[in-house]
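Enquirer: Have a look at the structure that comes next, please.
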Amino acid sequence: MSENHAANPAANPAAPEPRAERTLPTPRDRAEPMFPGGPLADPAGSHHERRIRSFRPRRGRVTPGQGEALRRLWGQWGLDIDGLSRIDLGELFGDPDLPVVLEIGFGMGEATAQMAAADPGTGILAADVHTPGQGNLLALAERNDLSNIRVANGDAIILLREMLEPASLAGLRVYFPDPWPKKRHHKRRLIQPEFIALAATRLLPGALLHCATDWEPYAEQMLEVLTADPHFENTQPDGGYSPRPDFRPLTKFEGQGLEKGHVVHDLIFRRRDT
């Protein structure tokens, strides 16, 4: 239809009555927080390129306790991954000498809280898009006086690429990422050569990159990708999978998988000095 007909429906008597124009939400509208002072719905908005995501947005049902934690604690212990500025991790955690590890995808946060309690001398920057989990982890941190946890909301790749300084992380943990089991979705998996190359630039020499999955084909891909990257070396002398280390708690999700006969693989690689 020509522009004139679109502007003047009377020029075409057979044309249907025009619908009222819909106003689509702007990026700012989409970024409005569900909880005042809490995490934004789309913190990066249109600041960065559109690309294939390795995660699904997961808002979910937020309990009253989780919502209260988001309202009260987000300004103190939370940050939105907007990609607009660099993060000073020493300032974020209130200790310039505190080693900080990044955990990508923490679910409901129980394992993260356990690791933070067992190692108070390490900061954990925990990134996820699951709003109930963000609230739950904040509540756990407050309840257990875990001042070494910070919760990041949004795309971890933008966090790594745009907001973290080179050689600023003492470790990276990726536990049970979405396996995207269908072949046409494999491109959505997080552990890809490009991601590992990016992670290498943000890890200190000697830092550990630790992955875990209960999806056998994904474990095989992880091992192949990590082994091929020259910046990392396998901590296992035989070049295979690692036993589950004591510092990684056995989660409820993992326990349920084991009961069903799933095999969990840990992969622990060390950032080389060069």
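All residue names refer to the structure tokens as shown: chains lettered A, B, ... in order, residues numbered from 1 in each chain, ligands numbered from 1 in order.
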Among range 67-246 of chain A, which residues does DSSP mark as helix (DSSP H, G or I) when it is run on the backbone? Keep the chain and numbering as in the structure and answer as a ChimeraX atom specification.

Expert: /A:67-77,89-93,110-118,131-143,156-163,183-188,193-202,216-228

Enquirer: Using DSSP on the backbone coordinates, identify the residues of range 28-215 of chain A assigned to strand (DSSP E); present them as a VMD selection string.

Expert: chain A and resid 78 to 80 100 to 104 123 to 128 149 to 153 169 to 175 203 to 213

Enquirer: Go ahead and save the residues from that selection, with C-alpha atoms, as a PDB file, in the first residue's frame.

Expert:
```pdb
ATOM      1  CA  GLY A  78      23.590  -5.544  43.412  1.00  0.00           C
ATOM      2  CA  LEU A  79      24.595  -4.079  40.060  1.00  0.00           C
ATOM      3  CA  ASP A  80      23.017  -3.948  36.631  1.00  0.00           C
ATOM      4  CA  VAL A 100      37.336 -11.875  43.111  1.00  0.00           C
ATOM      5  CA  VAL A 101      35.900 -14.771  41.108  1.00  0.00           C
ATOM      6  CA  LEU A 102      33.044 -14.438  38.648  1.00  0.00           C
ATOM      7  CA  GLU A 103      30.269 -17.014  38.785  1.00  0.00           C
ATOM      8  CA  ILE A 104      28.017 -17.107  35.728  1.00  0.00           C
ATOM      9  CA  GLY A 123      34.802 -12.204  46.715  1.00  0.00           C
ATOM     10  CA  ILE A 124      32.151 -13.752  44.488  1.00  0.00           C
ATOM     11  CA  LEU A 125      30.617 -11.651  41.736  1.00  0.00           C
ATOM     12  CA  ALA A 126      27.566 -13.769  40.858  1.00  0.00           C
ATOM     13  CA  ALA A 127      25.836 -13.002  37.545  1.00  0.00           C
ATOM     14  CA  ASP A 128      22.405 -14.242  36.465  1.00  0.00           C
ATOM     15  CA  ILE A 149      28.936 -11.587  47.610  1.00  0.00           C
ATOM     16  CA  ARG A 150      27.815  -9.145  44.937  1.00  0.00           C
ATOM     17  CA  VAL A 151      24.960  -9.938  42.534  1.00  0.00           C
ATOM     18  CA  ALA A 152      25.100  -8.842  38.887  1.00  0.00           C
ATOM     19  CA  ASN A 153      21.992  -8.714  36.695  1.00  0.00           C
ATOM     20  CA  LEU A 169      39.535 -11.893  38.043  1.00  0.00           C
ATOM     21  CA  ALA A 170      41.000 -14.578  40.286  1.00  0.00           C
ATOM     22  CA  GLY A 171      38.687 -17.203  38.820  1.00  0.00           C
ATOM     23  CA  LEU A 172      35.667 -17.983  36.674  1.00  0.00           C
ATOM     24  CA  ARG A 173      32.934 -20.517  37.505  1.00  0.00           C
ATOM     25  CA  VAL A 174      30.288 -21.768  35.107  1.00  0.00           C
ATOM     26  CA  TYR A 175      28.209 -24.435  36.802  1.00  0.00           C
ATOM     27  CA  LEU A 203      41.654 -13.755  34.231  1.00  0.00           C
ATOM     28  CA  LEU A 204      44.871 -13.322  36.161  1.00  0.00           C
ATOM     29  CA  PRO A 205      47.718 -15.739  35.428  1.00  0.00           C
ATOM     30  CA  GLY A 206      47.144 -18.860  37.517  1.00  0.00           C
ATOM     31  CA  ALA A 207      43.398 -18.240  37.847  1.00  0.00           C
ATOM     32  CA  LEU A 208      41.106 -21.251  37.565  1.00  0.00           C
ATOM     33  CA  LEU A 209      38.313 -21.592  35.026  1.00  0.00           C
ATOM     34  CA  HIS A 210      35.942 -24.203  36.432  1.00  0.00           C
ATOM     35  CA  CYS A 211      32.974 -25.617  34.502  1.00  0.00           C
ATOM     36  CA  ALA A 212      30.525 -28.334  35.463  1.00  0.00           C
ATOM     37  CA  THR A 213      27.715 -29.988  33.521  1.00  0.00           C
TER      38      THR A 213
END
```

Enquirer: Write out as a tab-separated table (two decimals) with all heavy atoms, in the first residue's frame the residues lying within 8 Å of range 230-237 of chain A, counting only C-alpha atoms and excluding same-chain residues fewer than 4 positions away.

Expert:
```tsv
chain	number	residue	atom	x	y	z
A	197	ALA	N	38.20	-17.25	24.79
A	197	ALA	CA	39.23	-16.27	24.46
A	197	ALA	C	38.99	-14.96	25.21
A	197	ALA	O	39.94	-14.32	25.70
A	197	ALA	CB	39.27	-16.03	22.96
A	200	ALA	N	39.84	-15.40	28.92
A	200	ALA	CA	41.29	-15.42	29.15
A	200	ALA	C	41.84	-14.02	29.38
A	200	ALA	O	42.77	-13.84	30.17
A	200	ALA	CB	42.00	-16.09	27.97
A	226	LEU	N	38.18	-25.97	25.67
A	226	LEU	CA	39.16	-25.53	26.65
A	226	LEU	C	40.55	-26.07	26.33
A	226	LEU	O	41.55	-25.36	26.48
A	226	LEU	CB	38.73	-25.96	28.04
A	226	LEU	CG	37.56	-25.18	28.64
A	226	LEU	CD1	36.97	-25.91	29.84
A	226	LEU	CD2	38.00	-23.79	29.04
A	241	TYR	N	38.63	-35.08	32.60
A	241	TYR	CA	37.76	-34.41	33.56
A	241	TYR	C	38.36	-34.48	34.97
A	241	TYR	O	39.18	-35.36	35.28
A	241	TYR	CB	36.38	-35.04	33.55
A	241	TYR	CG	35.72	-35.01	32.18
A	241	TYR	CD1	35.52	-36.19	31.46
A	241	TYR	CD2	35.31	-33.81	31.61
A	241	TYR	CE1	34.92	-36.17	30.21
A	241	TYR	CE2	34.72	-33.77	30.36
A	241	TYR	CZ	34.51	-34.96	29.65
A	241	TYR	OH	33.95	-34.93	28.43
A	242	SER	N	37.92	-33.54	35.81
A	242	SER	CA	38.40	-33.48	37.19
A	242	SER	C	37.37	-34.06	38.14
A	242	SER	O	36.16	-33.97	37.88
A	242	SER	CB	38.68	-32.02	37.59
A	242	SER	OG	39.66	-31.43	36.77
A	267	LEU	N	35.34	-29.66	34.92
A	267	LEU	CA	36.51	-29.33	34.11
A	267	LEU	C	37.19	-28.14	34.77
A	267	LEU	O	36.57	-27.08	34.95
A	267	LEU	CB	36.13	-28.98	32.67
A	267	LEU	CG	35.35	-30.04	31.88
A	267	LEU	CD1	33.84	-29.81	32.00
A	267	LEU	CD2	35.75	-30.00	30.41
A	268	ILE	N	38.44	-28.31	35.17
A	268	ILE	CA	39.17	-27.24	35.85
A	268	ILE	C	40.44	-26.96	35.07
A	268	ILE	O	41.35	-27.80	35.00
A	268	ILE	CB	39.50	-27.62	37.31
A	268	ILE	CG1	38.21	-27.99	38.06
A	268	ILE	CG2	40.20	-26.46	38.00
A	268	ILE	CD1	38.44	-28.41	39.50
A	269	PHE	N	40.50	-25.77	34.49
A	269	PHE	CA	41.65	-25.35	33.70
A	269	PHE	C	42.30	-24.13	34.35
A	269	PHE	O	41.61	-23.30	34.96
A	269	PHE	CB	41.24	-25.01	32.26
A	269	PHE	CG	41.06	-26.23	31.38
A	269	PHE	CD1	40.04	-27.14	31.61
A	269	PHE	CD2	41.93	-26.46	30.33
A	269	PHE	CE1	39.88	-28.26	30.81
A	269	PHE	CE2	41.78	-27.58	29.52
A	269	PHE	CZ	40.76	-28.48	29.75
A	270	ARG	N	43.59	-24.01	34.21
A	270	ARG	CA	44.34	-22.90	34.79
A	270	ARG	C	44.82	-21.95	33.71
A	270	ARG	O	45.29	-22.37	32.64
A	270	ARG	CB	45.54	-23.44	35.57
A	270	ARG	CG	46.39	-22.33	36.25
A	270	ARG	CD	47.52	-22.92	37.07
A	270	ARG	NE	46.99	-23.60	38.25
A	270	ARG	CZ	46.97	-24.92	38.42
A	270	ARG	NH1	47.44	-25.72	37.48
A	270	ARG	NH2	46.48	-25.44	39.53
A	271	ARG	N	44.65	-20.66	33.98
A	271	ARG	CA	45.15	-19.62	33.05
A	271	ARG	C	46.67	-19.64	33.05
A	271	ARG	O	47.30	-19.52	34.11
A	271	ARG	CB	44.63	-18.24	33.50
A	271	ARG	CG	45.15	-17.05	32.69
A	271	ARG	CD	44.62	-17.06	31.28
A	271	ARG	NE	44.78	-15.77	30.63
A	271	ARG	CZ	45.82	-15.41	29.89
A	271	ARG	NH1	46.86	-16.22	29.72
A	271	ARG	NH2	45.84	-14.23	29.30
A	272	ARG	N	47.25	-19.81	31.88
A	272	ARG	CA	48.71	-19.83	31.78
A	272	ARG	C	49.29	-18.45	32.06
A	272	ARG	O	48.59	-17.43	31.99
A	272	ARG	CB	49.14	-20.29	30.38
A	272	ARG	CG	48.72	-21.71	30.02
A	272	ARG	CD	49.23	-22.06	28.63
A	272	ARG	NE	48.67	-23.31	28.14
A	272	ARG	CZ	49.23	-24.50	28.36
A	272	ARG	NH1	50.35	-24.59	29.05
A	272	ARG	NH2	48.67	-25.60	27.85
A	274	THR	N	51.31	-16.84	30.25
A	274	THR	CA	51.47	-16.04	29.04
A	274	THR	C	50.21	-16.11	28.20
A	274	THR	O	49.40	-17.01	28.34
A	274	THR	CB	52.66	-16.55	28.21
A	274	THR	OG1	52.47	-17.95	27.91
A	274	THR	CG2	53.94	-16.36	28.98
```

Enquirer: Just to confirm, what's the straight-line distance from CA of Glu254 in chain A to CA of Asp266 in chain A in Å (one decimal)?

Expert: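 Value for the CA of Glu254 in chain A-CA of Asp266 in chain A distance: 12.0 Å.
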
Enquirer: For a test of reading the model, state the distance in Å between CA of Asp119 in chain A and CA of Gln76 in chain A, rounded to one decimal.

Expert: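 Here the two named atoms are 20.8 Å from each other.
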
Enquirer: State, in Å with one decimal place, the distance from CA of Pro166 in chain A to CA of Val129 in chain A.

Expert: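 Taking CA of Pro166 in chain A and CA of Val129 in chain A, their separation equals 23.7 Å.
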
Enquirer: What lies within 10 Å of Gly121 in chain A using only C-alpha atoms, ignoring chain neighbours under 4 positions off, as a PDB file with C-alpha atoms, in the first residue's frame?

Expert:
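Ended up saving to selection.pdb:
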```
ATOM      1  CA  ASP A  97      43.212  -6.620  47.922  1.00  0.00           C
ATOM      2  CA  LEU A  98      40.300  -9.071  47.841  1.00  0.00           C
ATOM      3  CA  PRO A  99      40.611 -11.666  45.049  1.00  0.00           C
ATOM      4  CA  VAL A 100      37.336 -11.875  43.111  1.00  0.00           C
ATOM      5  CA  ALA A 116      31.138 -17.603  50.049  1.00  0.00           C
ATOM      6  CA  ALA A 117      30.727 -18.776  53.649  1.00  0.00           C
ATOM      7  CA  ASN A 148      31.851 -11.134  50.058  1.00  0.00           C
TER       8      ASN A 148
END
```

Enquirer: Looking at only C-alpha atoms, which of A:Ala156, A:Leu223, A:Leu164, A:Ala111 is the one that sits closest to Phe247 in chain A?

Expert: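 Answer, going by the shortest atom-to-atom distance: A:Ala111.
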
Enquirer: When you count only C-alpha atoms, which of these residues is closest to Phe253 in chain A: A:Asp214, A:Thr122, A:Ile87, A:Asp95?

Expert: A:Asp214

Enquirer: Between A:Gly75, A:Pro243, A:Pro120, A:Gly83, which residue has the minimum interatomic distance to Leu159 in chain A, considering only C-alpha atoms?

Expert: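 Ranking A:Gly75, A:Pro243, A:Pro120, A:Gly83 by distance to Leu159 in chain A, first place goes to A:Gly83.
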
Enquirer: Using only C-alpha atoms, can you tell me which of A:Glu162, A:Gly67, A:Ala167, A:Arg188 comes closest to Gly133 in chain A?

Expert: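 Using only C-alpha atoms, Gly133 in chain A sits closest to A:Gly67.
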
Enquirer: Residues near Ile158 in chain A, anyone? I mean within 10 Å using only C-alpha atoms, not counting same-chain ones fewer than 2 positions away, as a short mmCIF file (atom, residue, chain, number, x, y, z; two decimals) with all heavy atoms, in the first residue's frame.

Expert:
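Contents of result-v2.cif, as written:
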```cif
data_model
loop_
_atom_site.label_atom_id
_atom_site.label_comp_id
_atom_site.auth_asym_id
_atom_site.auth_seq_id
_atom_site.Cartn_x
_atom_site.Cartn_y
_atom_site.Cartn_z
N ALA A 44 21.16 -3.55 29.72
CA ALA A 44 21.99 -3.09 28.61
C ALA A 44 21.17 -2.39 27.53
O ALA A 44 21.70 -1.61 26.75
CB ALA A 44 22.77 -4.26 28.00
N HIS A 48 24.18 -2.19 23.11
CA HIS A 48 25.10 -3.15 22.51
C HIS A 48 24.41 -3.93 21.42
O HIS A 48 23.19 -4.00 21.34
CB HIS A 48 25.68 -4.07 23.59
CG HIS A 48 26.48 -3.32 24.60
ND1 HIS A 48 27.77 -2.92 24.38
CD2 HIS A 48 26.14 -2.85 25.84
CE1 HIS A 48 28.20 -2.24 25.44
NE2 HIS A 48 27.23 -2.19 26.32
N ILE A 81 24.12 -4.93 34.72
CA ILE A 81 25.12 -5.03 33.66
C ILE A 81 24.64 -4.17 32.49
O ILE A 81 23.96 -4.65 31.59
CB ILE A 81 25.34 -6.49 33.25
CG1 ILE A 81 25.78 -7.32 34.46
CG2 ILE A 81 26.37 -6.58 32.13
CD1 ILE A 81 25.84 -8.81 34.19
N ASP A 82 24.97 -2.88 32.53
CA ASP A 82 24.53 -1.98 31.47
C ASP A 82 25.60 -1.76 30.40
O ASP A 82 25.34 -1.18 29.35
CB ASP A 82 24.09 -0.63 32.04
CG ASP A 82 25.15 0.06 32.86
OD1 ASP A 82 26.35 -0.30 32.73
OD2 ASP A 82 24.80 0.97 33.65
N GLY A 83 26.83 -2.18 30.67
CA GLY A 83 27.90 -2.05 29.69
C GLY A 83 28.40 -0.64 29.47
O GLY A 83 29.10 -0.39 28.50
N LEU A 84 28.08 0.27 30.37
CA LEU A 84 28.41 1.68 30.14
C LEU A 84 29.67 2.15 30.85
O LEU A 84 30.18 3.22 30.54
CB LEU A 84 27.23 2.55 30.58
CG LEU A 84 25.92 2.35 29.81
CD1 LEU A 84 24.83 3.25 30.37
CD2 LEU A 84 26.13 2.63 28.33
N GLY A 154 22.14 -9.45 34.38
CA GLY A 154 22.23 -9.22 32.94
C GLY A 154 23.18 -10.18 32.24
O GLY A 154 23.49 -11.25 32.75
N ASP A 155 23.63 -9.77 31.08
CA ASP A 155 24.42 -10.59 30.17
C ASP A 155 25.87 -10.63 30.62
O ASP A 155 26.58 -9.62 30.61
CB ASP A 155 24.31 -9.99 28.76
CG ASP A 155 24.92 -10.85 27.68
OD1 ASP A 155 25.79 -11.68 27.99
OD2 ASP A 155 24.52 -10.70 26.51
N ALA A 156 26.35 -11.82 30.97
CA ALA A 156 27.71 -11.96 31.49
C ALA A 156 28.77 -11.62 30.44
O ALA A 156 29.87 -11.21 30.79
CB ALA A 156 27.92 -13.37 32.01
N LEU A 160 31.86 -9.14 31.07
CA LEU A 160 33.27 -9.45 30.83
C LEU A 160 33.90 -8.46 29.85
O LEU A 160 35.00 -7.93 30.10
CB LEU A 160 33.40 -10.87 30.28
CG LEU A 160 33.35 -12.03 31.27
CD1 LEU A 160 33.14 -13.34 30.53
CD2 LEU A 160 34.63 -12.08 32.10
N ARG A 161 33.23 -8.23 28.75
CA ARG A 161 33.84 -7.47 27.66
C ARG A 161 33.88 -5.98 27.94
O ARG A 161 34.90 -5.31 27.64
CB ARG A 161 33.05 -7.73 26.37
CG ARG A 161 33.73 -7.20 25.12
CD ARG A 161 32.84 -7.44 23.91
NE ARG A 161 31.59 -6.70 24.03
CZ ARG A 161 30.46 -7.03 23.39
NH1 ARG A 161 30.43 -8.09 22.61
NH2 ARG A 161 29.37 -6.31 23.53
N GLU A 162 32.83 -5.44 28.52
CA GLU A 162 32.71 -3.99 28.64
C GLU A 162 32.98 -3.44 30.04
O GLU A 162 33.34 -2.27 30.17
CB GLU A 162 31.29 -3.55 28.23
CG GLU A 162 30.82 -4.06 26.89
CD GLU A 162 31.57 -3.48 25.72
OE1 GLU A 162 32.26 -2.46 25.91
OE2 GLU A 162 31.49 -4.05 24.62
N MET A 163 32.82 -4.27 31.07
CA MET A 163 32.79 -3.71 32.42
C MET A 163 33.91 -4.19 33.33
O MET A 163 34.13 -3.58 34.38
CB MET A 163 31.42 -3.99 33.06
CG MET A 163 30.27 -3.41 32.26
SD MET A 163 28.64 -3.66 33.03
CE MET A 163 28.74 -2.54 34.43
N LEU A 164 34.57 -5.27 32.99
CA LEU A 164 35.66 -5.77 33.82
C LEU A 164 37.01 -5.45 33.19
O LEU A 164 37.18 -5.56 31.98
CB LEU A 164 35.53 -7.28 34.04
CG LEU A 164 34.34 -7.73 34.88
CD1 LEU A 164 34.27 -9.25 34.96
CD2 LEU A 164 34.40 -7.13 36.28
#
```
